[in-house]
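First comes the structure, then the notes that go with it.
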Amino acid sequence: MKTSDTAAPAGAADASDTDAPRIVEPTPHLLMATAQTLPEQVNALARARAFAEPLIASEFMETGENTLAHADAVAAILKKIGGSETMQAATYLVHASVHLNKPQEVIAKAFGENFATLAIETVKLMRVQQQARGGRTSQQVDDIATQNENVRKMLLGFSRDLRVVLLRLASRLQTLRYYAAEKKPIAPSIAREGLNVFAPLANRLGIWQIKWELEDLSFRFLEPETYREVARLLDEKRVEREAYMEQMRARLEGDLRAHSISATVQGRPKHIYSIVKKMRGKSLNFDQLFDIRAMRVVVPTIKDCYAALSWVHQQFTPLEKEFDDYIARPKPNGYQSLHTVVRDETGRTIEIQIRTQAMHDHAEHGVAAHWAYKEAGTKGYAGVSAASEYDAKIAVLRQLLAWGSDLAATNHRGLFEDRIYVLTPDAAVIELPQGATAVDFAYSVHTSLGHRCRGARVDGVMVPLNTALQNGQTVEINTAKEDRPSRDWLNADLGYLVSNRAKAKVRAWFNAQATHETVARGRESVEKLLQREGKTAIKLEDLATQLGFKSADALFEVVGKDEFSLRNIEAVLRPSEETAEPEEFTMVRKARGTDSPKGGVLVVGIDSLMTQLAKCCKPAPPDSIRGFVTRGKGVSVHRADCSNFREISSRNPERVIDVDWGIPKTTDKVGAVYPVDVAVEAADRQGLLRDISEVFAREKTNVIGVQTQSVKGTAWMTFTVEVSDSGRLNKVLGIVAGVAGVRSARRR
């Protein structure tokens, strides 16, 4: 019989296809023995081993290791790191539970509910973990680093019980030890999981002994040639190095004590994986590493830290670039220590770390360390700070890690109640908020998958899309060919979406659809206008630019919202005065008692010819003006710089005529006034129109027409005012430009 280190239950985990666990009931004398020794804490380790031995003594893991021997080794690992007897006992119950017909009931009766729950939860987690390890993700959910983090979170969050995680760490370490001792090849997926999932998790929980060993063993299997090469380099001068280190340790400790600094000095082991990471991260050769020889100095106070540093720098030559003061500037994970590299009299380098006992305890067993430092260099992991909500939860878990006491009575529920971890069909781990549905899951995998979601299977069974998912479930999404989410998904009462991220994606889709429909409606209106005007050859982008829009779609959007009048487009489309309707001209309102020529404009060489001021440029004295003889409508008077005039005069130069302003013969009467358009651009705000109108009123400038529109916070205003001369208008425009929010005020 073979089972894996993940204690495969029937039909799951790492059990082989040919050997299924035999389901048995414990013998009556075992139940009697355990029942007689309740409560559960009394002799739990001995009772659990006695309970499990008949069930697993002749069984073998998928690795080939005897199951009872594996359980004994895991219990020893837990004991070494300070695990209580009850936790050590749990490892036997985990392996025994897969051979019981009703494990929850049997173990609860013999050992209590806490042990039963621990065993069942561990087996469940091992099944999901095995699926995640063996899966091949076809849908690109996230990058590898994010996926590894989700697996680590799953290990912590799936069971809600820290003891499950500790059991898994110890079990995986023993599996790697077994492969190393037997010199057997190992599946790369198991080694990668040890390096990328379990070792960082041990690091984050502060179980450094397990962390370093997991890294070195995993790396040994993944890159055996590199591992052997670095091991050879370390071993070449091991005896000499160890003798030197002992001599240096005794010297440092003795000299510091002689200077009234009570110090404990120890050599600091350097692990092969750590050496390789530093060589690769800093592009160094082995001979360039400064910390192959490393010492740690532990002193009572911070003052002693700096005193010890001062003495070390006096006795040896410090390498200034290799000094770091993590006491004054702690690392993001709270780590504190002084790091320095010095050369001795012979030129050999040695790294020295100096810290207080409290700092040392924190570094070895303190609050959660953000794993970005050792796993992603000096950069933060995915932009997450050490003060993140997840780190805070891990910090609580670390505080609960009372190695000398039993954790069975500690209630860990609630620490991860807001997250669940489910699997894709390819066994990628997806992290979701508590209560999330299949629709949340689909959007978490990919936005397009969410938009096309039409149905879902959970563990192979079709379920309604608003069914709340549970930890460890495998979710498969049925899709349509086109993106079309349902508006019902945004109805909170129907319970289709829990994730704010998914809700935002659905809203964004509908907003984009509404914008698309508005743009289409505006495009249709503009194109119909162009057809009526016979201007279909005009490029829409050029038309939008001429009207002050960044793109044709921006023009269509405001037209579709009825925020921009088509008359503004008509004015641009009708530059030729000869085809203009009669209202395109504005008759000058003459003042009483003036003897100026008709219309206030003198046509040179021709008397009593009808003149009209062109509406396109609205000339006023003393503007330089030119005339254009229209067919049956007299002379159209334009400003000399009018773009429309330039266009029509270039086509019909023979119809251009000189004109000039008439001079009133009396000065005691008010002269003629002329309508002029003024364009104002301003940041839209309440009261803007009122404030600008007040300026015109104060300056005795009559406003006879106003057009306004607001586009994305910018107000565009056209005032038609009456002026007797344009020079006076320039002064008024200067005052308008000073109104709060006004960006420009100019004559059109």
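Labels used: A, B, ... for chains in the order of the structure tokens, numbers from 1 for residues in each chain, and numbers from 1 for ligands as shown.
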**Q.** Contacts of segment 675-692 of chain A at 6 Å (only C-alpha atoms; same-chain gap of 5+ positions) as a PyMOL selection string
**A.** chain A and resi 618+713-722+741-748
(Q) Which residues are near Gly267 of chain A? Cut-off 9 Å, only C-alpha atoms, ignore same chain within fewer than 5 positions. Put them as a PyMOL selection string. (A) chain A and resi 245-246+249+293-297
Can you tell me which residues surround segment 72-77 of chain A at a distance of at most 12 Å, considering only C-alpha atoms, apart from same-chain residues fewer than 2 positions away, and format the answer as a short mmCIF file (atom, residue, chain, number, x, y, z; two decimals) with all heavy atoms, in the first residue's frame?
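around-v1.cif, freshly written:
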data_model
loop_
_atom_site.label_atom_id
_atom_site.label_comp_id
_atom_site.auth_asym_id
_atom_site.auth_seq_id
_atom_site.Cartn_x
_atom_site.Cartn_y
_atom_site.Cartn_z
N ASP A 5 3.10 11.88 0.69
CA ASP A 5 3.34 12.65 1.91
C ASP A 5 2.15 13.53 2.22
O ASP A 5 2.07 14.12 3.28
CB ASP A 5 4.60 13.52 1.77
CG ASP A 5 4.35 14.72 0.89
OD1 ASP A 5 3.90 14.51 -0.25
OD2 ASP A 5 4.61 15.84 1.35
N LEU A 45 0.23 12.05 22.87
CA LEU A 45 1.19 11.55 21.88
C LEU A 45 1.25 10.04 21.88
O LEU A 45 1.15 9.39 20.83
CB LEU A 45 2.57 12.15 22.16
CG LEU A 45 3.70 11.70 21.23
CD1 LEU A 45 3.36 12.01 19.78
CD2 LEU A 45 5.01 12.37 21.62
N ALA A 46 1.40 9.46 23.06
CA ALA A 46 1.49 8.00 23.14
C ALA A 46 0.18 7.35 22.68
O ALA A 46 0.19 6.33 21.98
CB ALA A 46 1.82 7.57 24.57
N ALA A 48 -2.09 8.56 20.60
CA ALA A 48 -2.29 8.72 19.16
C ALA A 48 -1.42 7.75 18.37
O ALA A 48 -1.87 7.17 17.37
CB ALA A 48 -1.98 10.16 18.75
N ARG A 49 -0.18 7.56 18.81
CA ARG A 49 0.69 6.62 18.10
C ARG A 49 0.17 5.19 18.23
O ARG A 49 0.16 4.42 17.26
CB ARG A 49 2.12 6.71 18.63
CG ARG A 49 3.14 6.01 17.72
CD ARG A 49 4.55 6.09 18.27
NE ARG A 49 5.52 5.65 17.29
CZ ARG A 49 5.74 4.37 16.96
NH1 ARG A 49 5.02 3.41 17.53
NH2 ARG A 49 6.66 4.04 16.06
N ALA A 50 -0.29 4.85 19.42
CA ALA A 50 -0.85 3.51 19.64
C ALA A 50 -2.11 3.31 18.80
O ALA A 50 -2.36 2.23 18.27
CB ALA A 50 -1.16 3.30 21.12
N ALA A 52 -2.77 4.78 15.89
CA ALA A 52 -2.47 4.77 14.46
C ALA A 52 -1.61 3.58 14.03
O ALA A 52 -1.69 3.16 12.87
CB ALA A 52 -1.77 6.07 14.07
N GLU A 53 -0.80 3.06 14.92
CA GLU A 53 0.19 2.05 14.53
C GLU A 53 -0.41 0.85 13.81
O GLU A 53 0.11 0.45 12.76
CB GLU A 53 0.99 1.60 15.75
CG GLU A 53 2.12 0.64 15.39
CD GLU A 53 2.99 0.31 16.59
OE1 GLU A 53 2.68 0.78 17.70
OE2 GLU A 53 3.99 -0.40 16.40
N ILE A 56 -1.22 1.99 10.10
CA ILE A 56 -0.24 2.54 9.16
C ILE A 56 1.14 1.90 9.24
O ILE A 56 2.02 2.22 8.43
CB ILE A 56 -0.09 4.06 9.35
CG1 ILE A 56 0.48 4.40 10.74
CG2 ILE A 56 -1.42 4.77 9.14
CD1 ILE A 56 0.75 5.89 10.95
N ALA A 57 1.35 0.98 10.18
CA ALA A 57 2.70 0.41 10.36
C ALA A 57 3.18 -0.32 9.12
O ALA A 57 4.38 -0.32 8.82
CB ALA A 57 2.72 -0.52 11.57
N GLU A 65 8.46 5.76 1.41
CA GLU A 65 8.76 5.81 2.83
C GLU A 65 7.63 5.15 3.62
O GLU A 65 6.45 5.31 3.31
CB GLU A 65 8.92 7.27 3.27
CG GLU A 65 9.31 7.44 4.73
CD GLU A 65 9.44 8.91 5.13
OE1 GLU A 65 8.99 9.77 4.35
OE2 GLU A 65 9.99 9.18 6.21
N ASN A 66 8.00 4.42 4.65
CA ASN A 66 7.01 3.82 5.52
C ASN A 66 6.19 4.92 6.20
O ASN A 66 6.74 5.89 6.69
CB ASN A 66 7.69 2.94 6.57
CG ASN A 66 6.70 2.34 7.55
OD1 ASN A 66 6.43 2.91 8.60
ND2 ASN A 66 6.14 1.19 7.20
N THR A 67 4.86 4.75 6.21
CA THR A 67 3.99 5.81 6.72
C THR A 67 4.21 6.06 8.20
O THR A 67 4.22 7.22 8.64
CB THR A 67 2.51 5.45 6.46
OG1 THR A 67 2.33 5.19 5.06
CG2 THR A 67 1.59 6.58 6.86
N LEU A 68 4.38 4.99 8.99
CA LEU A 68 4.61 5.18 10.42
C LEU A 68 5.95 5.87 10.66
O LEU A 68 6.06 6.76 11.51
CB LEU A 68 4.56 3.84 11.16
CG LEU A 68 4.76 3.91 12.67
CD1 LEU A 68 3.68 4.78 13.32
CD2 LEU A 68 4.77 2.51 13.29
N ALA A 69 6.96 5.49 9.88
CA ALA A 69 8.27 6.14 10.03
C ALA A 69 8.17 7.62 9.65
O ALA A 69 8.80 8.48 10.29
CB ALA A 69 9.30 5.44 9.15
N HIS A 70 7.38 7.91 8.63
CA HIS A 70 7.18 9.32 8.23
C HIS A 70 6.51 10.09 9.36
O HIS A 70 6.94 11.21 9.70
CB HIS A 70 6.31 9.37 6.97
CG HIS A 70 6.04 10.77 6.48
ND1 HIS A 70 6.89 11.45 5.65
CD2 HIS A 70 5.00 11.62 6.74
CE1 HIS A 70 6.40 12.65 5.39
NE2 HIS A 70 5.24 12.78 6.04
N LYS A 79 8.64 18.56 17.43
CA LYS A 79 9.20 18.66 18.78
C LYS A 79 10.43 19.57 18.79
O LYS A 79 10.61 20.40 19.69
CB LYS A 79 9.58 17.27 19.29
CG LYS A 79 10.17 17.28 20.71
CD LYS A 79 10.50 15.87 21.16
CE LYS A 79 11.08 15.90 22.59
NZ LYS A 79 11.40 14.52 23.06
N LYS A 80 11.25 19.47 17.75
CA LYS A 80 12.48 20.27 17.69
C LYS A 80 12.19 21.75 17.62
O LYS A 80 12.92 22.57 18.18
CB LYS A 80 13.32 19.83 16.49
CG LYS A 80 14.67 20.54 16.42
CD LYS A 80 15.52 20.00 15.30
CE LYS A 80 16.88 20.70 15.27
NZ LYS A 80 17.73 20.18 14.16
N ILE A 81 11.11 22.13 16.92
CA ILE A 81 10.79 23.55 16.82
C ILE A 81 9.88 24.01 17.96
O ILE A 81 9.40 25.14 17.96
CB ILE A 81 10.14 23.89 15.46
CG1 ILE A 81 8.80 23.18 15.30
CG2 ILE A 81 11.07 23.56 14.32
CD1 ILE A 81 8.05 23.58 14.03
N GLY A 82 9.63 23.11 18.92
CA GLY A 82 8.90 23.52 20.11
C GLY A 82 7.43 23.18 20.10
O GLY A 82 6.67 23.67 20.94
N GLY A 83 6.98 22.34 19.17
CA GLY A 83 5.57 21.98 19.13
C GLY A 83 5.18 21.14 20.34
O GLY A 83 5.95 20.32 20.82
N SER A 84 3.95 21.33 20.82
CA SER A 84 3.49 20.59 22.00
C SER A 84 3.25 19.13 21.65
O SER A 84 3.19 18.74 20.49
CB SER A 84 2.20 21.21 22.52
OG SER A 84 1.17 21.07 21.57
N GLU A 85 3.05 18.31 22.69
CA GLU A 85 2.79 16.89 22.47
C GLU A 85 1.50 16.68 21.70
O GLU A 85 1.40 15.77 20.88
CB GLU A 85 2.72 16.14 23.81
CG GLU A 85 4.07 15.80 24.39
CD GLU A 85 3.97 14.69 25.43
OE1 GLU A 85 2.85 14.23 25.69
OE2 GLU A 85 5.01 14.31 25.98
N THR A 86 0.51 17.51 21.97
CA THR A 86 -0.77 17.34 21.27
C THR A 86 -0.61 17.60 19.77
O THR A 86 -1.25 16.94 18.95
CB THR A 86 -1.83 18.29 21.85
OG1 THR A 86 -1.32 19.62 21.87
CG2 THR A 86 -2.20 17.88 23.26
N MET A 87 0.25 18.55 19.41
CA MET A 87 0.48 18.79 17.99
C MET A 87 1.25 17.64 17.37
O MET A 87 0.97 17.22 16.23
CB MET A 87 1.23 20.10 17.77
CG MET A 87 1.37 20.46 16.30
SD MET A 87 2.11 22.07 16.03
CE MET A 87 0.81 23.10 16.67
N GLN A 88 2.22 17.10 18.09
CA GLN A 88 2.95 15.94 17.59
C GLN A 88 2.01 14.75 17.40
O GLN A 88 2.11 14.00 16.43
CB GLN A 88 4.07 15.56 18.55
CG GLN A 88 5.13 16.64 18.73
CD GLN A 88 6.07 16.32 19.88
OE1 GLN A 88 6.60 15.21 19.96
NE2 GLN A 88 6.28 17.28 20.78
N ALA A 89 1.05 14.62 18.31
CA ALA A 89 0.10 13.51 18.22
C ALA A 89 -0.76 13.62 16.98
O ALA A 89 -1.16 12.61 16.38
CB ALA A 89 -0.79 13.50 19.47
N ALA A 90 -1.03 14.84 16.56
CA ALA A 90 -1.93 15.05 15.43
C ALA A 90 -1.41 14.41 14.15
O ALA A 90 -2.20 13.96 13.30
CB ALA A 90 -2.15 16.54 15.21
N THR A 91 -0.10 14.35 13.97
CA THR A 91 0.44 13.80 12.72
C THR A 91 0.07 12.33 12.55
O THR A 91 -0.17 11.85 11.44
CB THR A 91 1.96 14.00 12.65
OG1 THR A 91 2.41 13.64 11.35
CG2 THR A 91 2.69 13.16 13.68
N TYR A 92 -0.02 11.58 13.67
CA TYR A 92 -0.43 10.18 13.58
C TYR A 92 -1.91 10.07 13.21
O TYR A 92 -2.30 9.23 12.40
CB TYR A 92 -0.16 9.48 14.91
CG TYR A 92 1.29 9.42 15.27
CD1 TYR A 92 1.85 10.30 16.19
CD2 TYR A 92 2.15 8.47 14.68
CE1 TYR A 92 3.19 10.26 16.52
CE2 TYR A 92 3.50 8.42 15.01
CZ TYR A 92 4.01 9.32 15.92
OH TYR A 92 5.34 9.27 16.23
N LEU A 93 -2.72 10.97 13.77
CA LEU A 93 -4.16 10.91 13.51
C LEU A 93 -4.48 11.29 12.07
O LEU A 93 -5.44 10.78 11.48
CB LEU A 93 -4.91 11.83 14.48
CG LEU A 93 -4.73 11.48 15.97
CD1 LEU A 93 -5.49 12.47 16.83
CD2 LEU A 93 -5.20 10.05 16.24
N VAL A 94 -3.69 12.19 11.49
CA VAL A 94 -3.90 12.57 10.09
C VAL A 94 -3.74 11.35 9.19
O VAL A 94 -4.58 11.08 8.32
CB VAL A 94 -2.92 13.68 9.68
CG1 VAL A 94 -2.92 13.86 8.17
CG2 VAL A 94 -3.28 14.98 10.37
N HIS A 95 -2.67 10.59 9.37
CA HIS A 95 -2.43 9.43 8.52
C HIS A 95 -3.40 8.30 8.82
O HIS A 95 -3.77 7.53 7.92
CB HIS A 95 -0.99 8.95 8.68
CG HIS A 95 0.02 9.91 8.12
ND1 HIS A 95 0.22 10.06 6.76
CD2 HIS A 95 0.87 10.78 8.72
CE1 HIS A 95 1.15 10.98 6.55
NE2 HIS A 95 1.56 11.43 7.73
N LEU A 166 1.43 24.03 10.07
CA LEU A 166 2.65 23.51 10.69
C LEU A 166 2.84 22.03 10.36
O LEU A 166 3.96 21.57 10.10
CB LEU A 166 2.60 23.72 12.20
CG LEU A 166 2.47 25.17 12.66
CD1 LEU A 166 2.39 25.24 14.19
CD2 LEU A 166 3.62 26.00 12.16
N LEU A 167 1.76 21.27 10.38
CA LEU A 167 1.84 19.86 10.03
C LEU A 167 2.29 19.68 8.58
O LEU A 167 3.10 18.81 8.27
CB LEU A 167 0.49 19.18 10.24
CG LEU A 167 0.07 18.94 11.70
CD1 LEU A 167 -1.39 18.51 11.76
CD2 LEU A 167 0.96 17.88 12.34
N ARG A 168 1.79 20.54 7.69
CA ARG A 168 2.17 20.42 6.29
C ARG A 168 3.64 20.81 6.08
O ARG A 168 4.35 20.19 5.28
CB ARG A 168 1.27 21.31 5.42
CG ARG A 168 -0.18 20.91 5.40
CD ARG A 168 -0.38 19.45 4.99
NE ARG A 168 0.21 19.17 3.70
CZ ARG A 168 1.05 18.15 3.47
NH1 ARG A 168 1.39 17.33 4.46
NH2 ARG A 168 1.55 17.97 2.28
N LEU A 169 4.09 21.84 6.77
CA LEU A 169 5.50 22.23 6.66
C LEU A 169 6.42 21.10 7.11
O LEU A 169 7.39 20.75 6.42
CB LEU A 169 5.76 23.48 7.50
CG LEU A 169 5.27 24.82 6.94
CD1 LEU A 169 5.42 25.91 7.99
CD2 LEU A 169 6.03 25.20 5.69
N ALA A 170 6.12 20.53 8.26
CA ALA A 170 6.96 19.46 8.79
C ALA A 170 6.91 18.23 7.90
O ALA A 170 7.94 17.56 7.66
CB ALA A 170 6.53 19.11 10.22
N SER A 171 5.73 17.91 7.38
CA SER A 171 5.60 16.75 6.51
C SER A 171 6.39 16.93 5.22
O SER A 171 7.08 16.01 4.76
CB SER A 171 4.12 16.50 6.20
OG SER A 171 3.97 15.40 5.32
N ARG A 172 6.32 18.11 4.62
CA ARG A 172 7.06 18.34 3.38
C ARG A 172 8.57 18.31 3.63
O ARG A 172 9.33 17.78 2.81
CB ARG A 172 6.65 19.66 2.75
CG ARG A 172 7.39 20.02 1.45
CD ARG A 172 7.43 18.87 0.44
NE ARG A 172 6.13 18.31 0.19
CZ ARG A 172 5.31 18.75 -0.73
NH1 ARG A 172 5.65 19.76 -1.49
NH2 ARG A 172 4.14 18.15 -0.90
N LEU A 173 9.03 18.85 4.76
CA LEU A 173 10.46 18.80 5.08
C LEU A 173 10.92 17.35 5.21
O LEU A 173 11.98 16.98 4.68
CB LEU A 173 10.73 19.56 6.38
CG LEU A 173 12.17 19.50 6.90
CD1 LEU A 173 13.15 20.03 5.85
CD2 LEU A 173 12.31 20.27 8.21
N GLN A 174 10.13 16.51 5.87
CA GLN A 174 10.51 15.11 6.01
C GLN A 174 10.55 14.40 4.67
O GLN A 174 11.43 13.57 4.42
CB GLN A 174 9.55 14.39 6.97
CG GLN A 174 9.73 12.88 7.05
CD GLN A 174 11.16 12.46 7.38
OE1 GLN A 174 11.90 13.21 8.02
NE2 GLN A 174 11.56 11.26 6.93
N THR A 175 9.61 14.72 3.79
CA THR A 175 9.61 14.10 2.45
C THR A 175 10.90 14.44 1.71
O THR A 175 11.53 13.57 1.09
CB THR A 175 8.39 14.57 1.65
OG1 THR A 175 7.21 14.08 2.28
CG2 THR A 175 8.44 14.07 0.22
N LEU A 176 11.32 15.70 1.76
CA LEU A 176 12.56 16.11 1.09
C LEU A 176 13.77 15.44 1.75
O LEU A 176 14.72 15.03 1.05
CB LEU A 176 12.69 17.63 1.13
CG LEU A 176 11.65 18.41 0.31
CD1 LEU A 176 11.80 19.90 0.55
CD2 LEU A 176 11.78 18.10 -1.17
N ARG A 177 13.77 15.34 3.07
CA ARG A 177 14.86 14.65 3.76
C ARG A 177 14.96 13.19 3.31
O ARG A 177 16.05 12.65 3.11
CB ARG A 177 14.64 14.71 5.28
CG ARG A 177 14.95 16.04 5.92
CD ARG A 177 14.67 15.95 7.43
NE ARG A 177 15.03 17.17 8.13
CZ ARG A 177 14.87 17.33 9.45
NH1 ARG A 177 14.33 16.36 10.18
NH2 ARG A 177 15.23 18.47 10.02
N TYR A 178 13.78 12.56 3.16
CA TYR A 178 13.77 11.15 2.78
C TYR A 178 14.36 10.97 1.38
O TYR A 178 15.20 10.09 1.16
CB TYR A 178 12.33 10.63 2.82
CG TYR A 178 12.19 9.22 2.28
CD1 TYR A 178 12.56 8.11 3.04
CD2 TYR A 178 11.70 9.01 0.99
CE1 TYR A 178 12.44 6.83 2.54
CE2 TYR A 178 11.58 7.72 0.47
CZ TYR A 178 11.95 6.64 1.25
OH TYR A 178 11.84 5.36 0.75
N ILE A 207 9.58 30.42 11.08
CA ILE A 207 10.16 29.12 11.45
C ILE A 207 11.42 28.95 10.61
O ILE A 207 11.47 28.23 9.62
CB ILE A 207 9.15 27.99 11.20
CG1 ILE A 207 7.79 28.37 11.76
CG2 ILE A 207 9.62 26.69 11.85
CD1 ILE A 207 6.68 27.42 11.37
N GLN A 209 14.40 27.57 11.00
CA GLN A 209 15.10 26.29 10.84
C GLN A 209 14.52 25.50 9.68
O GLN A 209 15.24 24.95 8.84
CB GLN A 209 14.96 25.48 12.13
CG GLN A 209 15.58 26.16 13.36
CD GLN A 209 15.28 25.37 14.63
OE1 GLN A 209 15.48 24.18 14.67
NE2 GLN A 209 14.81 26.05 15.66
N ILE A 210 13.20 25.45 9.61
CA ILE A 210 12.55 24.74 8.52
C ILE A 210 12.74 25.48 7.20
O ILE A 210 12.96 24.87 6.15
CB ILE A 210 11.05 24.55 8.83
CG1 ILE A 210 10.88 23.56 9.98
CG2 ILE A 210 10.28 24.08 7.61
CD1 ILE A 210 9.45 23.28 10.36
N GLU A 213 16.26 24.84 5.63
CA GLU A 213 16.44 23.47 5.18
C GLU A 213 15.56 23.16 3.96
O GLU A 213 15.98 22.45 3.05
CB GLU A 213 16.13 22.50 6.32
CG GLU A 213 16.62 21.09 6.03
CD GLU A 213 16.50 20.16 7.23
OE1 GLU A 213 16.14 20.63 8.33
OE2 GLU A 213 16.77 18.95 7.05
#
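Taking atom CA of Val458 of chain A and atom CA of Glu105 of chain A as the two end points, the separation is 27.0 Å.
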Q: Find the residues around Leu309 of chain A up to 10 Å (only C-alpha atoms counted), leave out those fewer than 2 positions away in its own chain, and share them as a PyMOL selection string.
A: chain A and resi 297+304-307+311-314+338-340+352-354
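When DSSP is run on the backbone, the residues of segment 701-734 of chain A that fall into strand (DSSP E) are Asn702, Val703, Ile704, Gly705, Val706, Gln707, Thr708, Gln709, Ser710, Val711, Thr714, Ala715, Trp716, Met717, Thr718, Phe719, Thr720, Val721, Glu722 and Val723 of chain A.
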**Q.** DSSP-assigned alpha helix (DSSP H) members of segment 49-98 of chain A, reported as a PyMOL selection string
**A.** chain A and resi 49-56+67-80+85-97
Q) Can you tell me, as a ChimeraX atom specification, what residues are no more than 12 Å from Cys617 of chain A when counting only C-alpha atoms, ignoring any on the same chain fewer than 4 positions away? A) /A:571,575,577,584-586,612-613,623-626,636-646,674-678,720,747-748
Q.
Env of Val659 of chain A: 7 Å cut, atoms = only C-alpha atoms, seq-sep filter 4 positions within chain, self excluded. Answer as a PyMOL selection string.
A. chain A and resi 601-604+625-627
Q) So which residues touch segment 694-696 of chain A within 8 Å, counting only C-alpha atoms, skipping near sequence neighbours fewer than 4 positions away, as number ranges by chain? A) A: 690, 700-703, 732, 735-736
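Nearest to Thr447 of chain A of all the residues A:Thr424, A:Ser260, A:Gly435, A:Pro485 is A:Pro485, counting only C-alpha atoms.
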